[in-house]
file my_file32.pdb (PDB, C-alpha atoms, pLDDT in the B column)
ATOM      1  CA  MET B   1     102.272 105.007 141.899  1.00 50.00           C
ATOM      2  CA  PRO B   2     104.175 108.310 142.084  1.00 52.00           C
ATOM      3  CA  SER B   3     107.261 108.665 139.943  1.00 52.00           C
ATOM      4  CA  VAL B   4     110.556 108.963 141.747  1.00 46.00           C
ATOM      5  CA  PRO B   5     113.249 111.065 140.087  1.00 48.00           C
ATOM      6  CA  LEU B   6     116.380 109.138 139.289  1.00 43.00           C
ATOM      7  CA  PRO B   7     119.646 110.447 140.713  1.00 40.00           C
ATOM      8  CA  THR B   8     121.779 112.246 138.180  1.00 40.00           C
ATOM      9  CA  LEU B   9     125.215 110.928 137.504  1.00 40.00           C
ATOM     10  CA  GLN B  10     128.183 113.222 137.496  1.00 40.00           C
ATOM     11  CA  SER B  11     129.573 113.510 133.986  1.00 41.00           C
ATOM     12  CA  ALA B  12     133.201 112.801 133.214  1.00 43.00           C
ATOM     13  CA  ASP B  13     133.676 116.491 132.395  1.00 48.00           C
ATOM     14  CA  ASP B  14     132.483 117.528 135.883  1.00 47.00           C
ATOM     15  CA  ALA B  15     134.759 114.988 137.565  1.00 43.00           C
ATOM     16  CA  SER B  16     137.769 116.205 135.617  1.00 49.00           C
ATOM     17  CA  ARG B  17     137.184 119.788 136.815  1.00 68.00           C
ATOM     18  CA  THR B  18     137.942 118.909 140.445  1.00 91.00           C
ATOM     19  CA  THR B  19     140.732 121.028 141.878  1.00 93.00           C
ATOM     20  CA  CYS B  20     142.807 120.788 145.039  1.00 95.00           C
ATOM     21  CA  ALA B  21     145.969 122.145 146.600  1.00 94.00           C
ATOM     22  CA  LEU B  22     149.133 120.627 145.174  1.00 95.00           C
ATOM     23  CA  SER B  23     150.072 119.644 148.731  1.00 94.00           C
ATOM     24  CA  ALA B  24     147.047 117.286 148.805  1.00 93.00           C
ATOM     25  CA  CYS B  25     148.278 115.223 145.842  1.00 94.00           C
ATOM     26  CA  ARG B  26     150.042 111.892 146.232  1.00 94.00           C
ATOM     27  CA  ALA B  27     153.161 110.613 144.537  1.00 94.00           C
ATOM     28  CA  GLY B  28     152.359 109.352 141.053  1.00 94.00           C
ATOM     29  CA  THR B  29     149.675 111.971 140.422  1.00 94.00           C
ATOM     30  CA  ARG B  30     149.678 114.005 137.208  1.00 96.00           C
ATOM     31  CA  ALA B  31     148.049 117.432 137.405  1.00 97.00           C
ATOM     32  CA  THR B  32     147.710 120.780 135.658  1.00 96.00           C
ATOM     33  CA  VAL B  33     148.421 124.002 137.530  1.00 96.00           C
ATOM     34  CA  VAL B  34     145.287 126.151 137.781  1.00 96.00           C
ATOM     35  CA  ASP B  35     146.376 128.982 140.103  1.00 94.00           C
ATOM     36  CA  ILE B  36     149.413 130.098 142.085  1.00 94.00           C
ATOM     37  CA  GLU B  37     148.763 132.073 145.272  1.00 93.00           C
ATOM     38  CA  CYS B  38     151.957 133.127 146.992  1.00 90.00           C
ATOM     39  CA  SER B  39     154.037 136.279 147.386  1.00 89.00           C
ATOM     40  CA  GLY B  40     154.958 138.166 144.227  1.00 88.00           C
ATOM     41  CA  ASP B  41     158.634 137.199 144.541  1.00 92.00           C
ATOM     42  CA  GLU B  42     157.841 133.521 145.034  1.00 93.00           C
ATOM     43  CA  ALA B  43     155.362 133.496 142.124  1.00 91.00           C
ATOM     44  CA  CYS B  44     157.925 135.175 139.880  1.00 92.00           C
ATOM     45  CA  ARG B  45     160.569 132.611 140.840  1.00 93.00           C
ATOM     46  CA  LEU B  46     158.201 129.682 140.240  1.00 93.00           C
ATOM     47  CA  ARG B  47     157.270 131.048 136.821  1.00 92.00           C
ATOM     48  CA  ALA B  48     160.960 131.501 135.959  1.00 93.00           C
ATOM     49  CA  LEU B  49     161.439 127.816 136.814  1.00 92.00           C
ATOM     50  CA  GLY B  50     158.608 126.883 134.428  1.00 93.00           C
ATOM     51  CA  LEU B  51     155.821 126.371 136.964  1.00 94.00           C
ATOM     52  CA  CYS B  52     152.908 128.549 135.857  1.00 93.00           C
ATOM     53  CA  GLU B  53     149.179 128.296 135.170  1.00 94.00           C
ATOM     54  CA  GLY B  54     148.448 125.628 132.568  1.00 95.00           C
ATOM     55  CA  THR B  55     151.668 123.707 133.179  1.00 95.00           C
ATOM     56  CA  ALA B  56     151.475 119.917 133.553  1.00 96.00           C
ATOM     57  CA  VAL B  57     153.272 118.512 136.598  1.00 97.00           C
ATOM     58  CA  ASN B  58     154.076 114.976 137.736  1.00 97.00           C
ATOM     59  CA  ILE B  59     154.389 114.407 141.484  1.00 96.00           C
ATOM     60  CA  ILE B  60     157.443 112.192 141.940  1.00 96.00           C
ATOM     61  CA  ASP B  61     157.589 112.220 145.758  1.00 94.00           C
ATOM     62  CA  ALA B  62     155.351 113.803 148.374  1.00 92.00           C
ATOM     63  CA  ARG B  63     157.066 113.245 151.730  1.00 87.00           C
ATOM     64  CA  ASP B  64     158.724 116.181 153.556  1.00 84.00           C
ATOM     65  CA  ALA B  65     159.175 118.328 150.462  1.00 90.00           C
ATOM     66  CA  MET B  66     157.302 117.683 147.247  1.00 95.00           C
ATOM     67  CA  LEU B  67     159.423 116.562 144.302  1.00 96.00           C
ATOM     68  CA  LEU B  68     157.845 117.531 140.984  1.00 96.00           C
ATOM     69  CA  GLU B  69     158.710 116.940 137.366  1.00 96.00           C
ATOM     70  CA  VAL B  70     157.953 120.110 135.428  1.00 95.00           C
ATOM     71  CA  ARG B  71     158.808 120.415 131.732  1.00 93.00           C
ATOM     72  CA  GLY B  72     161.508 117.748 132.004  1.00 93.00           C
ATOM     73  CA  THR B  73     163.087 119.279 135.125  1.00 93.00           C
ATOM     74  CA  ARG B  74     162.713 118.202 138.737  1.00 95.00           C
ATOM     75  CA  LEU B  75     161.803 120.793 141.352  1.00 94.00           C
ATOM     76  CA  ALA B  76     161.593 120.343 145.125  1.00 95.00           C
ATOM     77  CA  LEU B  77     159.056 122.609 146.842  1.00 94.00           C
ATOM     78  CA  GLY B  78     158.222 122.935 150.520  1.00 93.00           C
ATOM     79  CA  SER B  79     154.754 122.537 151.990  1.00 91.00           C
ATOM     80  CA  ALA B  80     154.163 126.298 152.343  1.00 91.00           C
ATOM     81  CA  LEU B  81     154.523 126.781 148.576  1.00 93.00           C
ATOM     82  CA  THR B  82     152.602 123.672 147.527  1.00 93.00           C
ATOM     83  CA  ALA B  83     149.668 124.635 149.766  1.00 93.00           C
ATOM     84  CA  GLY B  84     149.250 127.834 147.720  1.00 94.00           C
ATOM     85  CA  ILE B  85     149.285 126.121 144.317  1.00 95.00           C
ATOM     86  CA  THR B  86     145.917 124.921 143.039  1.00 96.00           C
ATOM     87  CA  VAL B  87     145.957 122.029 140.574  1.00 96.00           C
ATOM     88  CA  GLN B  88     143.505 119.947 138.586  1.00 96.00           C
ATOM     89  CA  PRO B  89     144.491 116.281 138.780  1.00 94.00           C
ATOM     90  CA  VAL B  90     144.489 114.555 135.388  1.00 90.00           C
ATOM     91  CA  GLY B  91     142.247 111.517 135.245  1.00 73.00           C
ATOM     92  CA  ALA B  92     140.930 112.092 138.766  1.00 55.00           C
ATOM     93  CA  ARG B  93     138.772 109.243 140.014  1.00 50.00           C
ATOM     94  CA  ALA B  94     135.573 110.042 141.859  1.00 44.00           C
TER      95      ALA B  94
END
call {"tool": "encode", "arguments": {"input": "my_file32.pdb", "output": "structure tokens"}}
result
Amino acid sequence: MPSVPLPTLQSADDASRTTCALSACRAGTRATVVDIECSGDEACRLRALGLCEGTAVNIIDARDAMLLEVRGTRLALGSALTAGITVQPVGARA
């Protein structure tokens, strides 16, 4: 009887490395900012507001504009900006 290789399971470390656009996250999600891709002026403004690579964010509301909690402050960002921000959801489920 030939041996059949068993499927490999994805480790918890691999699952936690999943990234997506901030605009794809739902309300209640916690995430860490991985990359910000927008114009230089917009990126500078976001960083001045405390939103930069490595920052933890909580998505409070994700309807028309996205309401985020960043470093104890709430920020509202439009869909054009959130589409250019890459995040790594914390505790992402596969």
call {"tool": "resolve_selection", "arguments": {"input": "my_file32.pdb", "expression": "the PyMOL selection byres ((chain B and resi 37) around 12)", "output": "MDAnalysis selection string"}}
result
chainID B and resid 21:22 33:36 38:44 46 52:53 80:87
call {"tool": "resolve_selection", "arguments": {"input": "my_file32.pdb", "expression": "the PyMOL selection byres ((chain B and resi 54-67) around 6)", "output": "list in words"}}
result
Ala27, Gly28, Thr29, Arg30, Ala31, Thr32, Val33, Cys52, Glu53, Leu68, Glu69, Val70, Leu75, Ala76, Leu77 and Gly78 of chain B
call {"tool": "axis_aligned_box", "arguments": {"input": "my_file32.pdb", "around": "range 52-64 of chain B", "padding_each_side": "3 Å", "output": "lines of an AutoDock Vina configuration file"}}
result
center_x = 153.6
center_y = 120.4
center_z = 143.1
size_x = 16.3
size_y = 22.4
size_z = 27.0
call {"tool": "closest_residue", "arguments": {"input": "my_file32.pdb", "among": "B:Arg71, B:Arg45, B:Gly50, B:Val90", "to": "Cys20 in chain B", "atoms": "all atoms listed in the file"}}
result
B:Val90
call {"tool": "build_atoms", "arguments": {"input": "my_file32.pdb", "residues": "range 30-41 of chain B", "atoms": "all heavy atoms", "output": "PDB file, in the frame of the given file"}}
result
ATOM      1  N   ARG B  30     149.416 113.010 138.255  1.00 96.00           N
ATOM      2  CA  ARG B  30     149.678 114.005 137.208  1.00 96.00           C
ATOM      3  C   ARG B  30     148.622 115.077 137.359  1.00 96.00           C
ATOM      4  O   ARG B  30     147.454 114.768 137.616  1.00 96.00           O
ATOM      5  CB  ARG B  30     149.600 113.373 135.828  1.00 96.00           C
ATOM      6  CG  ARG B  30     150.687 112.330 135.603  1.00 96.00           C
ATOM      7  CD  ARG B  30     150.643 111.754 134.219  1.00 96.00           C
ATOM      8  NE  ARG B  30     150.828 112.841 133.260  1.00 96.00           N
ATOM      9  CZ  ARG B  30     150.252 112.880 132.061  1.00 96.00           C
ATOM     10  NH1 ARG B  30     149.463 111.913 131.670  1.00 96.00           N
ATOM     11  NH2 ARG B  30     150.468 113.874 131.249  1.00 96.00           N
ATOM     12  N   ALA B  31     148.998 116.340 137.216  1.00 97.00           N
ATOM     13  CA  ALA B  31     148.049 117.432 137.405  1.00 97.00           C
ATOM     14  C   ALA B  31     148.439 118.620 136.545  1.00 97.00           C
ATOM     15  O   ALA B  31     149.565 118.710 136.048  1.00 97.00           O
ATOM     16  CB  ALA B  31     148.015 117.847 138.880  1.00 97.00           C
ATOM     17  N   THR B  32     147.488 119.528 136.376  1.00 96.00           N
ATOM     18  CA  THR B  32     147.710 120.780 135.658  1.00 96.00           C
ATOM     19  C   THR B  32     147.542 121.926 136.636  1.00 96.00           C
ATOM     20  O   THR B  32     146.563 121.967 137.384  1.00 96.00           O
ATOM     21  CB  THR B  32     146.698 120.926 134.507  1.00 96.00           C
ATOM     22  OG1 THR B  32     146.832 119.803 133.632  1.00 96.00           O
ATOM     23  CG2 THR B  32     146.936 122.205 133.721  1.00 96.00           C
ATOM     24  N   VAL B  33     148.484 122.850 136.631  1.00 96.00           N
ATOM     25  CA  VAL B  33     148.421 124.002 137.530  1.00 96.00           C
ATOM     26  C   VAL B  33     147.289 124.913 137.086  1.00 96.00           C
ATOM     27  O   VAL B  33     147.189 125.286 135.921  1.00 96.00           O
ATOM     28  CB  VAL B  33     149.760 124.767 137.542  1.00 96.00           C
ATOM     29  CG1 VAL B  33     149.671 126.015 138.412  1.00 96.00           C
ATOM     30  CG2 VAL B  33     150.889 123.865 138.010  1.00 96.00           C
ATOM     31  N   VAL B  34     146.426 125.280 138.053  1.00 96.00           N
ATOM     32  CA  VAL B  34     145.287 126.151 137.781  1.00 96.00           C
ATOM     33  C   VAL B  34     145.555 127.558 138.295  1.00 96.00           C
ATOM     34  O   VAL B  34     145.248 128.544 137.637  1.00 96.00           O
ATOM     35  CB  VAL B  34     144.004 125.587 138.441  1.00 96.00           C
ATOM     36  CG1 VAL B  34     142.842 126.534 138.289  1.00 96.00           C
ATOM     37  CG2 VAL B  34     143.679 124.225 137.865  1.00 96.00           C
ATOM     38  N   ASP B  35     146.161 127.670 139.484  1.00 94.00           N
ATOM     39  CA  ASP B  35     146.376 128.982 140.103  1.00 94.00           C
ATOM     40  C   ASP B  35     147.569 128.908 141.046  1.00 94.00           C
ATOM     41  O   ASP B  35     147.814 127.866 141.658  1.00 94.00           O
ATOM     42  CB  ASP B  35     145.118 129.392 140.879  1.00 94.00           C
ATOM     43  CG  ASP B  35     145.167 130.825 141.377  1.00 94.00           C
ATOM     44  OD1 ASP B  35     145.750 131.677 140.681  1.00 94.00           O
ATOM     45  OD2 ASP B  35     144.631 131.090 142.465  1.00 94.00           O
ATOM     46  N   ILE B  36     148.293 130.002 141.152  1.00 94.00           N
ATOM     47  CA  ILE B  36     149.413 130.098 142.085  1.00 94.00           C
ATOM     48  C   ILE B  36     149.144 131.293 142.988  1.00 94.00           C
ATOM     49  O   ILE B  36     149.060 132.423 142.522  1.00 94.00           O
ATOM     50  CB  ILE B  36     150.752 130.275 141.347  1.00 94.00           C
ATOM     51  CG1 ILE B  36     151.023 129.069 140.464  1.00 94.00           C
ATOM     52  CG2 ILE B  36     151.891 130.501 142.337  1.00 94.00           C
ATOM     53  CD1 ILE B  36     152.261 129.187 139.595  1.00 94.00           C
ATOM     54  N   GLU B  37     148.993 131.017 144.289  1.00 93.00           N
ATOM     55  CA  GLU B  37     148.763 132.073 145.272  1.00 93.00           C
ATOM     56  C   GLU B  37     149.896 132.069 146.277  1.00 93.00           C
ATOM     57  O   GLU B  37     149.920 131.252 147.191  1.00 93.00           O
ATOM     58  CB  GLU B  37     147.422 131.860 145.980  1.00 93.00           C
ATOM     59  CG  GLU B  37     146.237 132.082 145.086  1.00 93.00           C
ATOM     60  CD  GLU B  37     144.927 132.001 145.846  1.00 93.00           C
ATOM     61  OE1 GLU B  37     144.914 132.258 147.061  1.00 93.00           O
ATOM     62  OE2 GLU B  37     143.924 131.677 145.205  1.00 93.00           O
ATOM     63  N   CYS B  38     150.846 132.950 146.061  1.00 90.00           N
ATOM     64  CA  CYS B  38     151.957 133.127 146.992  1.00 90.00           C
ATOM     65  C   CYS B  38     152.468 134.550 146.807  1.00 90.00           C
ATOM     66  O   CYS B  38     151.901 135.316 146.015  1.00 90.00           O
ATOM     67  CB  CYS B  38     153.048 132.092 146.758  1.00 90.00           C
ATOM     68  SG  CYS B  38     153.682 132.017 145.084  1.00 90.00           S
ATOM     69  N   SER B  39     153.527 134.916 147.516  1.00 89.00           N
ATOM     70  CA  SER B  39     154.037 136.279 147.386  1.00 89.00           C
ATOM     71  C   SER B  39     154.491 136.531 145.946  1.00 89.00           C
ATOM     72  O   SER B  39     154.782 135.592 145.196  1.00 89.00           O
ATOM     73  CB  SER B  39     155.197 136.501 148.352  1.00 89.00           C
ATOM     74  OG  SER B  39     156.355 135.837 147.899  1.00 89.00           O
ATOM     75  N   GLY B  40     154.555 137.794 145.583  1.00 88.00           N
ATOM     76  CA  GLY B  40     154.958 138.166 144.227  1.00 88.00           C
ATOM     77  C   GLY B  40     156.329 137.638 143.857  1.00 88.00           C
ATOM     78  O   GLY B  40     156.541 137.157 142.738  1.00 88.00           O
ATOM     79  N   ASP B  41     157.282 137.689 144.805  1.00 92.00           N
ATOM     80  CA  ASP B  41     158.634 137.199 144.541  1.00 92.00           C
ATOM     81  C   ASP B  41     158.647 135.689 144.324  1.00 92.00           C
ATOM     82  O   ASP B  41     159.315 135.184 143.425  1.00 92.00           O
ATOM     83  CB  ASP B  41     159.576 137.558 145.694  1.00 92.00           C
ATOM     84  CG  ASP B  41     159.863 139.051 145.765  1.00 92.00           C
ATOM     85  OD1 ASP B  41     159.648 139.754 144.757  1.00 92.00           O
ATOM     86  OD2 ASP B  41     160.314 139.507 146.838  1.00 92.00           O
TER      87      ASP B  41
END
